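To keep things clear, I will list the structure first and then write my remarks on it.
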Amino acid sequence: MNARLKTVAASLVLAITGIACTQTAPQDPALVAKWKDMNLYSMKTKTLEGKDIDLGEYKGKVALVVNVASRCGMTPQYNGLEKLYGELKDQGFVILGMPCNDFGGQEPGTAEEIRSFCSTKYNVTFPMFTKVQTKPGAGQSEIYEFLGTRTGKLPGWNFGKYLIGRDGQPIAFFDSRTGPDDKALREAIEKALAAKG
């Protein structure tokens with residue numbers, strides 16, 4: 001079965017089983033105040049290899065933040081993500097892969113296993129970061145707390161996508177069923193690339 005058919009099949013499974021691909025993010029005055037003057041590029045995290053990184057390195061770029069997983073029906077989206085990155089990186093576009101084990105335990109591996117899988121199976125060259133928790137509550141990644149507070153949405157499954165403008169502010173959220181070749185996603189990326197920032 002080719003990658004596109006696998007993604008379609010996975011989408012059908014999600015629809016049939018009733019798994020929500022989007023969660024509503026908690027919204028309260030304390031969170032709104034906490035993230036009021038922040039943007040993605042004012043944050044820090046760690047690379048997949050555990051090195052500290054300032055996301056300010058990507059300031060001025062349009063980014064797609066994706067919670068990825070190696071053992072998901074959506075995993076073939078890696079092919080489309082890498083293709084998208086290859087086509088648009090020279091125009092100021094980057095994909096930021098955030099491994100996540102929140103949904104179905106589908107990213108259980110170590111950083112080394114994740115890197116090996118992504119490199120050998122999908123030839124991933126876009127930046128990958130330390131494993132994160134997207135779900136609200138204790139242990140949630142600050143990146144996802146920020147994104148959820150700003151958009152009101154959190155991933156409800158693997159391969160949720162946040163489009164980030166050159167200024168580090170979220171523009172839109174696309175759920176797992178939106179593949180990397182989706183027309184609306186591509187148009188939103190191109191619009192963000194064309195915007196002055």
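Ordering of the structure tokens sets the chain letters (A, B, ...); residue numbers start at 1 within each chain; ligands are numbered from 1 in the order shown.
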
Need to verify the contact set: region 91-106 of chain A, 10 Å, only C-alpha atoms, exclusion of same-chain residues closer than 6 positions in sequence. Can you return it as a ChimeraX atom specification?
/A:47-48,55,58-73,75,78,81-82,84-85,114,124-135,143,155-159,161-166,189-190,192-194

Pull the closest atom pair for each residue of region 128-190 of chain A that gets at most 6 Å from region 17-39 of chain A, along with the distance in Å to one decimal, counting only C-alpha atoms, ordering rows by chain and then ascending residue number, as CSV.
residue,atom,partner,partner_atom,distance
A:Gly148,CA,A:Ala25,CA,5.1
A:Gly152,CA,A:Ala25,CA,4.9
A:Lys153,CA,A:Thr24,CA,4.8
A:Leu154,CA,A:Gln23,CA,5.0
A:Pro155,CA,A:Thr22,CA,4.9
A:Gly156,CA,A:Cys21,CA,4.1
A:Trp157,CA,A:Cys21,CA,5.1
A:Gly168,CA,A:Asn39,CA,4.9
A:Gln169,CA,A:Asn39,CA,5.4
A:Asp175,CA,A:Cys21,CA,5.6
A:Ser176,CA,A:Cys21,CA,5.9

From region 22-192 of chain A, collect each residue whose DSSP state is strand (DSSP E) and return the set as number ranges by chain.
A: 22-24, 44-46, 52-54, 62-68, 93-99, 153-155, 161-164, 170-174

Keeping only C-alpha atoms, write those residues as a PDB file, in the first residue's frame.
ATOM      1  CA  THR A  22      -8.349  18.178  17.662  1.00  0.00           C
ATOM      2  CA  GLN A  23      -8.671  18.937  21.375  1.00  0.00           C
ATOM      3  CA  THR A  24      -9.852  22.180  22.875  1.00  0.00           C
ATOM      4  CA  LYS A  44      14.001  27.399  23.960  1.00  0.00           C
ATOM      5  CA  THR A  45      13.927  23.605  23.780  1.00  0.00           C
ATOM      6  CA  LYS A  46      16.275  20.706  23.047  1.00  0.00           C
ATOM      7  CA  ASP A  52      19.859  23.120  24.066  1.00  0.00           C
ATOM      8  CA  ILE A  53      18.492  25.174  21.191  1.00  0.00           C
ATOM      9  CA  ASP A  54      17.040  28.648  20.962  1.00  0.00           C
ATOM     10  CA  VAL A  62       7.581  30.375   8.275  1.00  0.00           C
ATOM     11  CA  ALA A  63       7.381  27.158  10.302  1.00  0.00           C
ATOM     12  CA  LEU A  64       5.150  24.112  10.471  1.00  0.00           C
ATOM     13  CA  VAL A  65       5.244  22.552  13.956  1.00  0.00           C
ATOM     14  CA  VAL A  66       4.200  18.882  13.771  1.00  0.00           C
ATOM     15  CA  ASN A  67       3.797  16.319  16.575  1.00  0.00           C
ATOM     16  CA  VAL A  68       5.243  13.240  14.886  1.00  0.00           C
ATOM     17  CA  PHE A  93      10.191  27.628   5.308  1.00  0.00           C
ATOM     18  CA  VAL A  94      11.047  25.086   7.993  1.00  0.00           C
ATOM     19  CA  ILE A  95       9.323  22.081   9.544  1.00  0.00           C
ATOM     20  CA  LEU A  96       9.881  21.512  13.259  1.00  0.00           C
ATOM     21  CA  GLY A  97       9.268  17.864  14.154  1.00  0.00           C
ATOM     22  CA  MET A  98       8.198  17.230  17.754  1.00  0.00           C
ATOM     23  CA  PRO A  99       8.084  13.494  18.581  1.00  0.00           C
ATOM     24  CA  LYS A 153      -6.577  24.032  19.816  1.00  0.00           C
ATOM     25  CA  LEU A 154      -4.284  21.123  20.636  1.00  0.00           C
ATOM     26  CA  PRO A 155      -3.587  17.965  18.654  1.00  0.00           C
ATOM     27  CA  LYS A 161       0.170  20.898  12.411  1.00  0.00           C
ATOM     28  CA  TYR A 162       0.557  24.512  13.513  1.00  0.00           C
ATOM     29  CA  LEU A 163       1.482  27.041  10.861  1.00  0.00           C
ATOM     30  CA  ILE A 164       3.701  29.755  12.342  1.00  0.00           C
ATOM     31  CA  PRO A 170       0.563  30.914  15.188  1.00  0.00           C
ATOM     32  CA  ILE A 171      -1.501  31.473  12.044  1.00  0.00           C
ATOM     33  CA  ALA A 172      -3.572  28.284  11.890  1.00  0.00           C
ATOM     34  CA  PHE A 173      -3.949  24.734  13.188  1.00  0.00           C
ATOM     35  CA  PHE A 174      -4.483  21.769  10.849  1.00  0.00           C
TER      36      PHE A 174
END

Between CA of Asn79 (chain A) and CA of Tyr122 (chain A), what is the distance in Å, rounded to a tenth?
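These atoms are spaced 6.0 Å apart.
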
Could you pull out the helix (DSSP H, G or I) residues of chain A from DSSP and send them as a VMD selection string?
chain A and resid 3 to 17 29 to 35 40 to 42 55 to 58 77 to 91 111 to 122 142 to 151 183 to 194

Choose the residue, out of A:Lys121, A:Lys83, A:Arg115, A:Arg177, that has the smallest atom-to-atom separation from Gly160 (chain A); count only C-alpha atoms.
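Under the stated criterion, the closest residue is A:Arg177.
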
By how many Å are CA of Gly109 (chain A) and CA of Met74 (chain A) apart?
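These atoms are spaced 16.8 Å apart.
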
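Taking CA of Asp181 (chain A) and CA of Gly80 (chain A) as endpoints, the distance between them is 6.5 Å.
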